[in-house]
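To start, the structure under review is shown below, and the notes come after it.
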Amino acid sequence: MTAPRPIIRCDLNESAYQPLPAVAEAIATTAATANRYPEFRPETARAAIAAHLGVDASGVVVGPGGTAVVSALLSDAAARHRAAGRDTPHLSTPAPTFDGFAILASMLGYRVDATRLLDDGAPDLDALVASVTPSTAALIVCSPHNPTGAVLTEARLRALLLSVRADLPVILDEAYVEYCERPPDSRALVAEFPNLTVLRTFSKAYGLAGVRIGYAFGTPAAVAGARRREIPFAVSTAAQQAVPVALRAQTQLAERVAACCAAQA
């Protein structure tokens, strides 16, 4: 009897490739210490990510997957919204999009104000801006967009940020940024707009979806509340070992991204 063929879950946008050999080796070395707790806070991964981005580590929040980081960001935004004496927090985001946003919003007591996409699959930024009210506690937009792949230029993102109030937390989900040929300068946008936080993950191009690690970066003030919500021991030793090795393997990563894009052409 032949072994069943592995199931490929296209709906999850998993990488078709296994982790890079050096990354897999780094993960394997942690097996013998699985009886030990990981770091109380994910400082090893945070330091490696900050060095890779060229930002201060105080502006980086890390969690077990990008979903966990979004949860911390939205929890902080909702808490600040309620502390200001406002009513039920609303989340503005285009739809369809990553379904985790709506799930987390429901868990955290948000109402979701979904806006349409344009015919080319890009978020309708005019509609997104129009959806913002005093009840809006946070705004999330993806670029490249999930699930259409549409990319927002730096100019369009800047126009969006200029069109919403300066104290509104805006989360730019860049889960697929490694596949973008000309991504916007997110660090420059963060420096210009202190209400912006940029979300990224190791689950997609890096092929570490099962390891569960993601991060966000922004000004220290923007991510301080989310950092206080990092769950102790939540980022595994395997994830923390994998991150520095993965970030050093940019040439191999670029080769895999190119191969993946060529396969889809």
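Ordering of the structure tokens sets the chain letters (A, B, ...), residue numbers begin anew at 1 in every chain, and ligands are numbered from 1 in the order given.
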
Contacts of Val257 of chain A at 8 Å (only C-alpha atoms; same-chain gap of 4+ positions) as an mmCIF file with C-alpha atoms, in the first residue's frame:
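Result file is selection-v2.cif:
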```
data_model
loop_
_atom_site.group_PDB
_atom_site.id
_atom_site.type_symbol
_atom_site.label_atom_id
_atom_site.label_comp_id
_atom_site.auth_asym_id
_atom_site.auth_seq_id
_atom_site.Cartn_x
_atom_site.Cartn_y
_atom_site.Cartn_z
ATOM 1 C CA GLU A 178 9.718 39.493 1.061
ATOM 2 C CA TYR A 179 7.815 38.752 -2.165
ATOM 3 C CA ALA A 205 8.900 33.421 2.909
ATOM 4 C CA LEU A 253 16.041 33.501 1.084
ATOM 5 C CA CYS A 261 7.643 33.514 -7.896
#
```

I need the residues of segment 131-183 of chain A that end up classed as alpha helix (DSSP H) by DSSP on the backbone, written out as JSON, numbers by chain. {"A": [154, 155, 156, 157, 158, 159, 160, 161, 162, 163]}

Output C-alpha atoms of each residue in that selection to a file, as an mmCIF file, in the first residue's frame.
```
data_model
loop_
_atom_site.group_PDB
_atom_site.id
_atom_site.type_symbol
_atom_site.label_atom_id
_atom_site.label_comp_id
_atom_site.auth_asym_id
_atom_site.auth_seq_id
_atom_site.Cartn_x
_atom_site.Cartn_y
_atom_site.Cartn_z
ATOM 1 C CA GLU A 154 4.769 54.273 -0.365
ATOM 2 C CA ALA A 155 2.971 57.332 -1.707
ATOM 3 C CA ARG A 156 -0.445 55.729 -1.220
ATOM 4 C CA LEU A 157 0.429 54.593 2.277
ATOM 5 C CA ARG A 158 1.636 58.098 3.146
ATOM 6 C CA ALA A 159 -1.609 59.563 1.790
ATOM 7 C CA LEU A 160 -3.581 57.139 3.958
ATOM 8 C CA LEU A 161 -1.621 58.055 7.062
ATOM 9 C CA LEU A 162 -2.030 61.763 6.364
ATOM 10 C CA SER A 163 -5.789 61.294 6.021
#
```

Find the residues around segment 36-41 of chain A up to 10 Å (only C-alpha atoms counted), leave out those fewer than 3 positions away in its own chain, and share them as a count of residues only. 20

Spatial neighbours of Phe193 of chain A, 12 Å, only C-alpha atoms, chain gap at least 4 places, as a PyMOL selection string: chain A and resi 157-172+186-189+197-198+218-219+221-222

Go ahead and write the selection's residues with N, CA and C atoms as a JSON list (two decimals), in the first residue's frame.
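Listed below is the output, out.json:
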```json
[["chain", "number", "residue", "atom", "x", "y", "z"],
["A", 157, "LEU", "N", 0.44, 54.81, 0.84],
["A", 157, "LEU", "CA", 0.43, 54.59, 2.28],
["A", 157, "LEU", "C", 0.58, 55.92, 3.02],
["A", 158, "ARG", "N", 1.46, 56.79, 2.51],
["A", 158, "ARG", "CA", 1.64, 58.10, 3.15],
["A", 158, "ARG", "C", 0.35, 58.91, 3.07],
["A", 159, "ALA", "N", -0.34, 58.84, 1.93],
["A", 159, "ALA", "CA", -1.61, 59.56, 1.79],
["A", 159, "ALA", "C", -2.64, 59.04, 2.78],
["A", 160, "LEU", "N", -2.67, 57.72, 2.98],
["A", 160, "LEU", "CA", -3.58, 57.14, 3.96],
["A", 160, "LEU", "C", -3.28, 57.66, 5.35],
["A", 161, "LEU", "N", -2.01, 57.64, 5.72],
["A", 161, "LEU", "CA", -1.62, 58.05, 7.06],
["A", 161, "LEU", "C", -1.87, 59.54, 7.29],
["A", 162, "LEU", "N", -1.75, 60.34, 6.25],
["A", 162, "LEU", "CA", -2.03, 61.76, 6.36],
["A", 162, "LEU", "C", -3.52, 62.06, 6.48],
["A", 163, "SER", "N", -4.35, 61.07, 6.08],
["A", 163, "SER", "CA", -5.79, 61.29, 6.02],
["A", 163, "SER", "C", -6.54, 60.85, 7.28],
["A", 164, "VAL", "N", -5.86, 60.16, 8.19],
["A", 164, "VAL", "CA", -6.51, 59.73, 9.42],
["A", 164, "VAL", "C", -5.90, 60.50, 10.59],
["A", 165, "ARG", "N", -6.61, 60.51, 11.69],
["A", 165, "ARG", "CA", -6.13, 61.29, 12.83],
["A", 165, "ARG", "C", -4.79, 60.73, 13.34],
["A", 166, "ALA", "N", -3.96, 61.62, 13.83],
["A", 166, "ALA", "CA", -2.58, 61.27, 14.18],
["A", 166, "ALA", "C", -2.47, 60.32, 15.36],
["A", 167, "ASP", "N", -3.54, 60.22, 16.17],
["A", 167, "ASP", "CA", -3.47, 59.33, 17.33],
["A", 167, "ASP", "C", -4.12, 57.97, 17.07],
["A", 168, "LEU", "N", -4.52, 57.70, 15.83],
["A", 168, "LEU", "CA", -5.16, 56.42, 15.51],
["A", 168, "LEU", "C", -4.09, 55.37, 15.24],
["A", 169, "PRO", "N", -4.05, 54.27, 16.00],
["A", 169, "PRO", "CA", -3.09, 53.21, 15.72],
["A", 169, "PRO", "C", -3.36, 52.58, 14.35],
["A", 170, "VAL", "N", -2.35, 52.62, 13.49],
["A", 170, "VAL", "CA", -2.45, 52.02, 12.16],
["A", 170, "VAL", "C", -1.44, 50.87, 12.09],
["A", 171, "ILE", "N", -1.94, 49.69, 11.73],
["A", 171, "ILE", "CA", -1.09, 48.50, 11.61],
["A", 171, "ILE", "C", -0.95, 48.17, 10.12],
["A", 172, "LEU", "N", 0.27, 48.18, 9.63],
["A", 172, "LEU", "CA", 0.57, 47.79, 8.25],
["A", 172, "LEU", "C", 1.07, 46.35, 8.28],
["A", 186, "SER", "N", 9.36, 51.11, 5.00],
["A", 186, "SER", "CA", 8.53, 51.09, 6.21],
["A", 186, "SER", "C", 9.18, 51.83, 7.37],
["A", 187, "ARG", "N", 10.50, 51.74, 7.45],
["A", 187, "ARG", "CA", 11.18, 52.44, 8.55],
["A", 187, "ARG", "C", 11.03, 53.95, 8.41],
["A", 188, "ALA", "N", 11.10, 54.44, 7.19],
["A", 188, "ALA", "CA", 10.92, 55.88, 6.97],
["A", 188, "ALA", "C", 9.49, 56.30, 7.32],
["A", 189, "LEU", "N", 8.53, 55.45, 6.98],
["A", 189, "LEU", "CA", 7.13, 55.76, 7.31],
["A", 189, "LEU", "C", 6.92, 55.78, 8.82],
["A", 197, "THR", "N", 2.53, 51.09, 13.06],
["A", 197, "THR", "CA", 3.28, 49.90, 13.47],
["A", 197, "THR", "C", 3.27, 48.93, 12.30],
["A", 198, "VAL", "N", 4.42, 48.34, 12.02],
["A", 198, "VAL", "CA", 4.57, 47.43, 10.88],
["A", 198, "VAL", "C", 4.69, 46.00, 11.37],
["A", 218, "GLY", "N", 7.86, 49.68, 15.48],
["A", 218, "GLY", "CA", 7.32, 51.03, 15.43],
["A", 218, "GLY", "C", 8.14, 51.89, 16.38],
["A", 219, "THR", "N", 7.64, 53.04, 16.71],
["A", 219, "THR", "CA", 8.33, 53.84, 17.72],
["A", 219, "THR", "C", 8.20, 53.13, 19.06],
["A", 221, "ALA", "N", 7.20, 54.24, 21.81],
["A", 221, "ALA", "CA", 5.92, 54.61, 22.43],
["A", 221, "ALA", "C", 4.77, 53.83, 21.81],
["A", 222, "ALA", "N", 4.83, 53.61, 20.48],
["A", 222, "ALA", "CA", 3.73, 52.94, 19.80],
["A", 222, "ALA", "C", 3.60, 51.49, 20.19]]
```

Shortest interatomic distance to Arg116 of chain A - which of A:Ala83, A:Val129, A:Ile27, A:Ala16, counting only C-alpha atoms: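 Result for the nearest residue to Arg116 of chain A: A:Val129.
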